[in-house]
file my_file.pdb (PDB, C-alpha atoms)
ATOM      1  CA  MET A   2      97.861 123.797  78.576  1.00  0.00           C
ATOM      2  CA  PHE A   3      95.519 122.269  81.165  1.00  0.00           C
ATOM      3  CA  LYS A   4      92.202 122.730  79.292  1.00  0.00           C
ATOM      4  CA  ALA A   5      92.067 119.083  78.159  1.00  0.00           C
ATOM      5  CA  LEU A   6      92.027 117.943  81.798  1.00  0.00           C
ATOM      6  CA  ARG A   7      88.435 119.210  82.010  1.00  0.00           C
ATOM      7  CA  ILE A   8      87.392 116.227  79.881  1.00  0.00           C
ATOM      8  CA  PRO A   9      86.903 113.188  82.161  1.00  0.00           C
ATOM      9  CA  ASP A  10      87.927 110.557  79.583  1.00  0.00           C
ATOM     10  CA  PHE A  11      91.133 112.402  78.778  1.00  0.00           C
ATOM     11  CA  ARG A  12      91.895 112.811  82.485  1.00  0.00           C
ATOM     12  CA  LEU A  13      91.541 109.047  82.917  1.00  0.00           C
ATOM     13  CA  LEU A  14      93.751 108.184  79.938  1.00  0.00           C
ATOM     14  CA  TRP A  15      96.360 110.806  80.757  1.00  0.00           C
ATOM     15  CA  GLY A  16      96.523 109.830  84.428  1.00  0.00           C
ATOM     16  CA  GLY A  17      96.636 106.109  83.661  1.00  0.00           C
ATOM     17  CA  GLY A  18      99.312 106.671  81.037  1.00  0.00           C
ATOM     18  CA  LEU A  19     101.343 108.793  83.449  1.00  0.00           C
ATOM     19  CA  VAL A  20     101.270 106.087  86.129  1.00  0.00           C
ATOM     20  CA  SER A  21     102.073 103.363  83.602  1.00  0.00           C
ATOM     21  CA  SER A  22     104.948 105.321  82.048  1.00  0.00           C
ATOM     22  CA  LEU A  23     106.469 106.021  85.437  1.00  0.00           C
ATOM     23  CA  GLY A  24     106.266 102.340  86.350  1.00  0.00           C
ATOM     24  CA  SER A  25     107.961 101.384  83.096  1.00  0.00           C
ATOM     25  CA  TRP A  26     110.690 103.991  83.320  1.00  0.00           C
ATOM     26  CA  LEU A  27     111.535 102.847  86.835  1.00  0.00           C
ATOM     27  CA  LEU A  28     112.735  99.603  85.236  1.00  0.00           C
ATOM     28  CA  VAL A  29     114.591 101.075  82.249  1.00  0.00           C
ATOM     29  CA  LEU A  30     117.813 101.480  84.238  1.00  0.00           C
ATOM     30  CA  ALA A  31     116.982  99.171  87.145  1.00  0.00           C
ATOM     31  CA  ILE A  32     116.819  95.907  85.153  1.00  0.00           C
ATOM     32  CA  PRO A  33     120.195  96.374  83.413  1.00  0.00           C
ATOM     33  CA  ALA A  34     121.719  97.670  86.676  1.00  0.00           C
ATOM     34  CA  HIS A  35     120.430  94.616  88.532  1.00  0.00           C
ATOM     35  CA  ILE A  36     121.856  92.254  85.919  1.00  0.00           C
ATOM     36  CA  LEU A  37     125.205  94.040  85.914  1.00  0.00           C
ATOM     37  CA  ALA A  38     125.390  94.037  89.717  1.00  0.00           C
ATOM     38  CA  VAL A  39     124.576  90.334  89.991  1.00  0.00           C
ATOM     39  CA  THR A  40     126.572  88.986  87.042  1.00  0.00           C
ATOM     40  CA  GLY A  41     129.164  91.625  86.235  1.00  0.00           C
ATOM     41  CA  SER A  42     128.500  90.695  82.605  1.00  0.00           C
ATOM     42  CA  LEU A  43     128.290  93.478  80.059  1.00  0.00           C
ATOM     43  CA  ARG A  44     126.920  90.982  77.551  1.00  0.00           C
ATOM     44  CA  ASP A  45     123.982  90.045  79.778  1.00  0.00           C
ATOM     45  CA  THR A  46     123.382  93.721  80.556  1.00  0.00           C
ATOM     46  CA  GLY A  47     123.461  94.589  76.855  1.00  0.00           C
ATOM     47  CA  LEU A  48     120.976  91.826  76.094  1.00  0.00           C
ATOM     48  CA  ALA A  49     118.548  93.399  78.579  1.00  0.00           C
ATOM     49  CA  LEU A  50     118.855  96.743  76.816  1.00  0.00           C
ATOM     50  CA  ALA A  51     118.417  95.094  73.410  1.00  0.00           C
ATOM     51  CA  ALA A  52     115.307  93.263  74.650  1.00  0.00           C
ATOM     52  CA  GLN A  53     113.797  96.586  75.713  1.00  0.00           C
ATOM     53  CA  TYR A  54     114.199  98.185  72.293  1.00  0.00           C
ATOM     54  CA  LEU A  55     113.790  95.258  69.879  1.00  0.00           C
ATOM     55  CA  PRO A  56     109.961  95.470  69.775  1.00  0.00           C
ATOM     56  CA  GLN A  57     110.123  99.098  68.665  1.00  0.00           C
ATOM     57  CA  LEU A  58     112.260  98.080  65.702  1.00  0.00           C
ATOM     58  CA  VAL A  59     110.092  95.121  64.730  1.00  0.00           C
ATOM     59  CA  LEU A  60     106.562  96.289  65.590  1.00  0.00           C
ATOM     60  CA  GLY A  61     106.944 100.055  65.327  1.00  0.00           C
ATOM     61  CA  PRO A  62     106.301 100.201  61.570  1.00  0.00           C
ATOM     62  CA  VAL A  63     103.020  98.236  61.808  1.00  0.00           C
ATOM     63  CA  ALA A  64     101.683  99.391  65.196  1.00  0.00           C
ATOM     64  CA  GLY A  65      99.727 102.288  63.716  1.00  0.00           C
ATOM     65  CA  ALA A  66      97.993 100.006  61.228  1.00  0.00           C
ATOM     66  CA  VAL A  67      96.992  97.672  64.066  1.00  0.00           C
ATOM     67  CA  ALA A  68      95.575 100.610  66.045  1.00  0.00           C
ATOM     68  CA  ASP A  69      93.587 101.704  62.992  1.00  0.00           C
ATOM     69  CA  ARG A  70      91.997  98.283  62.486  1.00  0.00           C
ATOM     70  CA  TRP A  71      91.009  97.432  66.058  1.00  0.00           C
ATOM     71  CA  ASP A  72      88.829  99.131  68.629  1.00  0.00           C
ATOM     72  CA  ARG A  73      91.346 101.478  70.237  1.00  0.00           C
ATOM     73  CA  ARG A  74      89.801 101.396  73.699  1.00  0.00           C
ATOM     74  CA  ARG A  75      89.913  97.600  73.772  1.00  0.00           C
ATOM     75  CA  LEU A  76      93.425  97.588  72.327  1.00  0.00           C
ATOM     76  CA  MET A  77      94.603  99.930  75.071  1.00  0.00           C
ATOM     77  CA  ILE A  78      92.991  97.839  77.801  1.00  0.00           C
ATOM     78  CA  GLY A  79      94.341  94.600  76.315  1.00  0.00           C
ATOM     79  CA  ALA A  80      97.841  96.002  75.806  1.00  0.00           C
ATOM     80  CA  ASN A  81      98.009  97.192  79.419  1.00  0.00           C
ATOM     81  CA  LEU A  82      96.789  93.844  80.765  1.00  0.00           C
ATOM     82  CA  PHE A  83      99.265  92.005  78.521  1.00  0.00           C
ATOM     83  CA  CYS A  84     102.090  94.252  79.760  1.00  0.00           C
ATOM     84  CA  ALA A  85     101.076  93.689  83.387  1.00  0.00           C
ATOM     85  CA  GLY A  86     101.281  89.929  82.848  1.00  0.00           C
ATOM     86  CA  ALA A  87     104.626  90.193  81.045  1.00  0.00           C
ATOM     87  CA  VAL A  88     106.086  92.296  83.839  1.00  0.00           C
ATOM     88  CA  ALA A  89     104.812  89.856  86.472  1.00  0.00           C
ATOM     89  CA  VAL A  90     106.648  87.059  84.628  1.00  0.00           C
ATOM     90  CA  MET A  91     109.865  89.042  85.138  1.00  0.00           C
ATOM     91  CA  LEU A  92     109.781  87.957  88.775  1.00  0.00           C
ATOM     92  CA  LEU A  93     110.641  84.452  87.552  1.00  0.00           C
ATOM     93  CA  GLY A  94     113.737  85.696  85.735  1.00  0.00           C
ATOM     94  CA  VAL A  95     115.652  87.872  88.182  1.00  0.00           C
ATOM     95  CA  ALA A  96     117.906  85.082  89.475  1.00  0.00           C
ATOM     96  CA  PRO A  97     121.218  84.329  87.748  1.00  0.00           C
ATOM     97  CA  GLY A  98     120.866  81.659  85.092  1.00  0.00           C
ATOM     98  CA  ARG A  99     117.236  82.562  84.434  1.00  0.00           C
ATOM     99  CA  TYR A 100     117.741  85.793  82.595  1.00  0.00           C
ATOM    100  CA  TRP A 101     116.308  84.300  79.420  1.00  0.00           C
ATOM    101  CA  VAL A 102     112.894  84.591  81.155  1.00  0.00           C
ATOM    102  CA  LEU A 103     113.621  88.219  81.942  1.00  0.00           C
ATOM    103  CA  TYR A 104     114.663  88.950  78.343  1.00  0.00           C
ATOM    104  CA  ALA A 105     111.525  87.299  76.953  1.00  0.00           C
ATOM    105  CA  ALA A 106     109.335  89.227  79.416  1.00  0.00           C
ATOM    106  CA  LEU A 107     111.053  92.507  78.487  1.00  0.00           C
ATOM    107  CA  ILE A 108     110.376  91.833  74.802  1.00  0.00           C
ATOM    108  CA  ALA A 109     106.727  91.013  75.548  1.00  0.00           C
ATOM    109  CA  GLU A 110     106.208  94.081  77.755  1.00  0.00           C
ATOM    110  CA  ASN A 111     107.703  96.428  75.210  1.00  0.00           C
ATOM    111  CA  ALA A 112     105.727  94.815  72.374  1.00  0.00           C
ATOM    112  CA  GLY A 113     102.531  95.638  74.274  1.00  0.00           C
ATOM    113  CA  THR A 114     103.729  99.188  74.829  1.00  0.00           C
ATOM    114  CA  VAL A 115     104.519  99.642  71.126  1.00  0.00           C
ATOM    115  CA  LEU A 116     100.917  98.683  70.312  1.00  0.00           C
ATOM    116  CA  TYR A 117      99.459 100.872  73.071  1.00  0.00           C
ATOM    117  CA  TRP A 118     100.910 104.246  72.055  1.00  0.00           C
ATOM    118  CA  PRO A 119      99.444 104.563  68.536  1.00  0.00           C
ATOM    119  CA  ALA A 120      96.038 103.617  69.940  1.00  0.00           C
ATOM    120  CA  LEU A 121      96.340 106.378  72.555  1.00  0.00           C
ATOM    121  CA  GLN A 122      97.522 108.900  69.973  1.00  0.00           C
ATOM    122  CA  ALA A 123      94.607 108.054  67.680  1.00  0.00           C
ATOM    123  CA  ARG A 124      92.053 108.002  70.478  1.00  0.00           C
ATOM    124  CA  THR A 125      93.031 111.363  71.955  1.00  0.00           C
ATOM    125  CA  PRO A 126      91.482 113.512  69.158  1.00  0.00           C
ATOM    126  CA  ALA A 127      88.348 111.357  69.293  1.00  0.00           C
ATOM    127  CA  ILE A 128      88.019 112.244  72.976  1.00  0.00           C
ATOM    128  CA  VAL A 129      89.069 115.902  73.055  1.00  0.00           C
ATOM    129  CA  GLY A 130      88.286 117.000  69.500  1.00  0.00           C
ATOM    130  CA  THR A 131      90.550 119.300  67.554  1.00  0.00           C
ATOM    131  CA  GLY A 132      91.830 122.824  68.003  1.00  0.00           C
ATOM    132  CA  PRO A 133      92.904 124.174  71.379  1.00  0.00           C
ATOM    133  CA  LEU A 134      91.781 121.082  73.320  1.00  0.00           C
ATOM    134  CA  LEU A 135      93.887 118.776  71.150  1.00  0.00           C
ATOM    135  CA  SER A 136      96.839 121.153  71.503  1.00  0.00           C
ATOM    136  CA  SER A 137      96.353 121.074  75.260  1.00  0.00           C
ATOM    137  CA  ALA A 138      96.129 117.263  75.322  1.00  0.00           C
ATOM    138  CA  ASN A 139      99.251 116.896  73.191  1.00  0.00           C
ATOM    139  CA  ALA A 140     101.150 119.398  75.349  1.00  0.00           C
ATOM    140  CA  LEU A 141     100.173 117.587  78.549  1.00  0.00           C
ATOM    141  CA  THR A 142     101.135 114.213  77.080  1.00  0.00           C
ATOM    142  CA  ALA A 143     104.486 115.509  75.827  1.00  0.00           C
ATOM    143  CA  ALA A 144     105.303 117.306  79.090  1.00  0.00           C
ATOM    144  CA  SER A 145     104.423 114.335  81.285  1.00  0.00           C
ATOM    145  CA  SER A 146     106.341 111.974  78.998  1.00  0.00           C
ATOM    146  CA  GLY A 147     109.430 114.172  79.190  1.00  0.00           C
ATOM    147  CA  ILE A 148     109.245 114.502  82.960  1.00  0.00           C
ATOM    148  CA  VAL A 149     108.774 110.746  83.429  1.00  0.00           C
ATOM    149  CA  ARG A 150     111.700 109.978  81.109  1.00  0.00           C
ATOM    150  CA  LEU A 151     113.890 112.447  82.972  1.00  0.00           C
ATOM    151  CA  LEU A 152     113.015 111.279  86.487  1.00  0.00           C
ATOM    152  CA  GLY A 153     111.922 107.648  86.072  1.00  0.00           C
ATOM    153  CA  GLY A 154     115.278 106.036  85.305  1.00  0.00           C
ATOM    154  CA  PRO A 155     117.253 107.695  88.115  1.00  0.00           C
ATOM    155  CA  LEU A 156     114.381 107.167  90.559  1.00  0.00           C
ATOM    156  CA  GLY A 157     114.314 103.491  89.562  1.00  0.00           C
ATOM    157  CA  ALA A 158     118.043 103.207  90.314  1.00  0.00           C
ATOM    158  CA  VAL A 159     117.544 104.747  93.762  1.00  0.00           C
ATOM    159  CA  LEU A 160     114.559 102.494  94.492  1.00  0.00           C
ATOM    160  CA  LEU A 161     116.530  99.471  93.249  1.00  0.00           C
ATOM    161  CA  ALA A 162     119.145 100.144  95.908  1.00  0.00           C
ATOM    162  CA  ALA A 163     116.533 100.864  98.579  1.00  0.00           C
ATOM    163  CA  CYS A 164     113.829  98.268  97.840  1.00  0.00           C
ATOM    164  CA  GLY A 165     115.212  95.673  95.447  1.00  0.00           C
ATOM    165  CA  ILE A 166     114.295  94.555  91.961  1.00  0.00           C
ATOM    166  CA  SER A 167     111.248  92.488  92.937  1.00  0.00           C
ATOM    167  CA  TRP A 168     109.545  95.511  94.464  1.00  0.00           C
ATOM    168  CA  LEU A 169     110.148  97.575  91.316  1.00  0.00           C
ATOM    169  CA  ILE A 170     108.803  94.832  89.084  1.00  0.00           C
ATOM    170  CA  GLY A 171     105.678  94.617  91.240  1.00  0.00           C
ATOM    171  CA  ALA A 172     105.220  98.393  91.068  1.00  0.00           C
ATOM    172  CA  ASP A 173     105.452  98.329  87.257  1.00  0.00           C
ATOM    173  CA  ALA A 174     102.935  95.479  86.966  1.00  0.00           C
ATOM    174  CA  LEU A 175     100.557  97.415  89.223  1.00  0.00           C
ATOM    175  CA  SER A 176     101.029 100.561  87.131  1.00  0.00           C
ATOM    176  CA  TYR A 177      99.819  98.704  84.029  1.00  0.00           C
ATOM    177  CA  LEU A 178      96.740  97.484  85.905  1.00  0.00           C
ATOM    178  CA  VAL A 179      95.971 101.086  86.901  1.00  0.00           C
ATOM    179  CA  ALA A 180      96.289 102.168  83.257  1.00  0.00           C
ATOM    180  CA  ALA A 181      94.037  99.306  82.107  1.00  0.00           C
ATOM    181  CA  ALA A 182      91.410 100.280  84.690  1.00  0.00           C
ATOM    182  CA  ALA A 183      91.593 103.924  83.597  1.00  0.00           C
ATOM    183  CA  ALA A 184      91.093 102.968  79.937  1.00  0.00           C
ATOM    184  CA  PHE A 185      88.198 100.671  80.906  1.00  0.00           C
ATOM    185  CA  LEU A 186      86.466 103.553  82.699  1.00  0.00           C
ATOM    186  CA  THR A 187      86.484 105.741  79.591  1.00  0.00           C
ATOM    187  CA  SER A 188      83.449 105.983  77.348  1.00  0.00           C
ATOM    188  CA  ARG A 189      83.010 103.460  74.572  1.00  0.00           C
ATOM    189  CA  PRO A 190      83.646 104.994  71.150  1.00  0.00           C
ATOM    190  CA  GLY A 191      80.435 106.257  69.611  1.00  0.00           C
ATOM    191  CA  GLY A 192      78.350 104.830  72.416  1.00  0.00           C
ATOM    192  CA  GLY A 193      78.349 107.498  75.070  1.00  0.00           C
ATOM    193  CA  PRO A 194      79.259 106.708  78.653  1.00  0.00           C
ATOM    194  CA  ARG A 195      80.219 103.201  79.668  1.00  0.00           C
ATOM    195  CA  ASP A 196      77.272 101.033  80.759  1.00  0.00           C
TER     196      ASP A 196
END

call {"tool": "encode", "arguments": {"input": "my_file.pdb", "output": "structure tokens"}}
result
Amino acid sequence: MFKALRIPDFRLLWGGGLVSSLGSWLLVLAIPAHILAVTGSLRDTGLALAAQYLPQLVLGPVAGAVADRWDRRRLMIGANLFCAGAVAVMLLGVAPGRYWVLYAALIAENAGTVLYWPALQARTPAIVGTGPLLSSANALTAASSGIVRLLGGPLGAVLLAACGISWLIGADALSYLVAAAAAFLTSRPGGGPRD
């Protein structure tokens, strides 16, 4: 299962993706919990959940086509930087009465994420090849994704109580910057190592 980690570019993408996913999953429960705690409104809480999943519905069907037409490395870097900016904007929307900013930022962040994943999935075989290395890369990606999904939400709720929503938002924005840096450090497609 760990053979793909011998390839430096895959290690970078996998590690960056792991950090980014954890940062994002910290907010999956924390944002709605924060809104519910502050407002007591199920409607406002539901809108936060809808904002998180709307981009998947709208962009999901075309995200693969976008990843096929653009340079995947650049798309991954750009998507992570876009998500970092969107998450940073969330800091402006955590106060009551300003949740529209938070909803818009959630939609933007998740739109960037929807575009990122097909680019990663298409770039992985280009980096590791096929056969056992691709199986290893897919297994590592699936295992880390499952672990992050299982632990990220509850950990975010605990950290929300301990540190507050602003700290979690900052951690998620930083996680996207780490992922963007990791993607930047990978080799350019067809060009060998980065200059």

call {"tool": "resolve_selection", "arguments": {"input": "my_file.pdb", "expression": "the PyMOL selection byres ((chain A and resi 176) around 6)", "output": "JSON, numbers by chain"}}
result
{"A": [20, 21, 24, 173, 174, 175, 177, 178, 179]}

call {"tool": "resolve_selection", "arguments": {"input": "my_file.pdb", "expression": "the PyMOL selection byres ((chain A and resi 140-150) around 9)", "output": "number ranges by chain"}}
result
A: 2-3, 5-6, 15, 18-19, 22-23, 26, 135-139, 151-154

call {"tool": "resolve_selection", "arguments": {"input": "my_file.pdb", "expression": "the PyMOL selection byres ((chain A and resi 94) around 12)", "output": "PyMOL selection string"}}
result
chain A and resi 32+35-36+49+87-93+95-107+166-167+170

call {"tool": "atom_distance", "arguments": {"input": "my_file.pdb", "atom1": "atom CA of A:Phe185", "atom2": "atom CA of A:Ala112"}}
result
20.4 Å

call {"tool": "atom_distance", "arguments": {"input": "my_file.pdb", "atom1": "atom CA of A:Ala172", "atom2": "atom CA of A:Ala85"}}
result
9.9 Å

call {"tool": "residues_around", "arguments": {"input": "my_file.pdb", "residues": "A:Gln122", "least_positions_apart": "5", "cutoff": "10 Å", "atoms": "only C-alpha atoms", "output": "PyMOL selection string"}}
result
chain A and resi 65+68+73+117+127+139+142

call {"tool": "closest_residue", "arguments": {"input": "my_file.pdb", "among": "A:Arg74, A:Pro9, A:Gly61, A:Leu186", "to": "A:Ala123", "atoms": "all atoms listed in the file"}}
result
A:Arg74

call {"tool": "residues_around", "arguments": {"input": "my_file.pdb", "residues": "A:Met77", "least_positions_apart": "3", "cutoff": "9 Å", "atoms": "all atoms listed in the file", "output": "PyMOL selection string"}}
result
chain A and resi 72-74+80-82+116-118+120-121+180-181+184-185

call {"tool": "atom_distance", "arguments": {"input": "my_file.pdb", "atom1": "atom CA of A:Leu48", "atom2": "atom CA of A:Glu110"}}
result
15.0 Å

call {"tool": "closest_residue", "arguments": {"input": "my_file.pdb", "among": "A:Ala109, A:Val67, A:Ala162, A:Leu13", "to": "A:Leu55", "atoms": "only C-alpha atoms"}}
result
A:Ala109

call {"tool": "residues_around", "arguments": {"input": "my_file.pdb", "residues": "A:Asn111", "least_positions_apart": "6", "cutoff": "9 Å", "atoms": "all atoms listed in the file", "output": "list in words"}}
result
Ala52, Gln53, Tyr54, Leu55, Pro56, Gln57 and Cys84 of chain A

call {"tool": "write_last_selection", "arguments": {"input": "my_file.pdb", "atoms": "C-alpha atoms", "output": "mmCIF file, in the coordinates of the input"}}
result
data_model
loop_
_atom_site.group_PDB
_atom_site.id
_atom_site.type_symbol
_atom_site.label_atom_id
_atom_site.label_comp_id
_atom_site.auth_asym_id
_atom_site.auth_seq_id
_atom_site.Cartn_x
_atom_site.Cartn_y
_atom_site.Cartn_z
ATOM 1 C CA ALA A 52 115.307 93.263 74.650
ATOM 2 C CA GLN A 53 113.797 96.586 75.713
ATOM 3 C CA TYR A 54 114.199 98.185 72.293
ATOM 4 C CA LEU A 55 113.790 95.258 69.879
ATOM 5 C CA PRO A 56 109.961 95.470 69.775
ATOM 6 C CA GLN A 57 110.123 99.098 68.665
ATOM 7 C CA CYS A 84 102.090 94.252 79.760
#

call {"tool": "closest_residue", "arguments": {"input": "my_file.pdb", "among": "A:Gly17, A:Arg7, A:Val39, A:Ala31", "to": "A:Val159", "atoms": "all atoms listed in the file"}}
result
A:Ala31

call {"tool": "residues_around", "arguments": {"input": "my_file.pdb", "residues": "A:Leu169", "least_positions_apart": "5", "cutoff": "8 Å", "atoms": "only C-alpha atoms", "output": "list in words"}}
result
Gly24, Leu27, Leu28, Gly157, Leu160, Leu161 and Cys164 of chain A

call {"tool": "write_last_selection", "arguments": {"input": "my_file.pdb", "atoms": "C-alpha atoms", "output": "PDB file, keeping the file's coordinate frame"}}
result
ATOM      1  CA  GLY A  24     106.266 102.340  86.350  1.00  0.00           C
ATOM      2  CA  LEU A  27     111.535 102.847  86.835  1.00  0.00           C
ATOM      3  CA  LEU A  28     112.735  99.603  85.236  1.00  0.00           C
ATOM      4  CA  GLY A 157     114.314 103.491  89.562  1.00  0.00           C
ATOM      5  CA  LEU A 160     114.559 102.494  94.492  1.00  0.00           C
ATOM      6  CA  LEU A 161     116.530  99.471  93.249  1.00  0.00           C
ATOM      7  CA  CYS A 164     113.829  98.268  97.840  1.00  0.00           C
TER       8      CYS A 164
END

call {"tool": "closest_residue", "arguments": {"input": "my_file.pdb", "among": "A:Pro119, A:Gly165, A:Pro133, A:Gly47", "to": "A:Trp71", "atoms": "all atoms listed in the file"}}
result
A:Pro119

call {"tool": "closest_residue", "arguments": {"input": "my_file.pdb", "among": "A:Ile78, A:Leu156, A:Val59, A:Ala64", "to": "A:Ala183", "atoms": "all atoms listed in the file"}}
result
A:Ile78

call {"tool": "closest_residue", "arguments": {"input": "my_file.pdb", "among": "A:Thr125, A:Arg44, A:Pro190, A:Gly130", "to": "A:Leu14", "atoms": "all atoms listed in the file"}}
result
A:Thr125
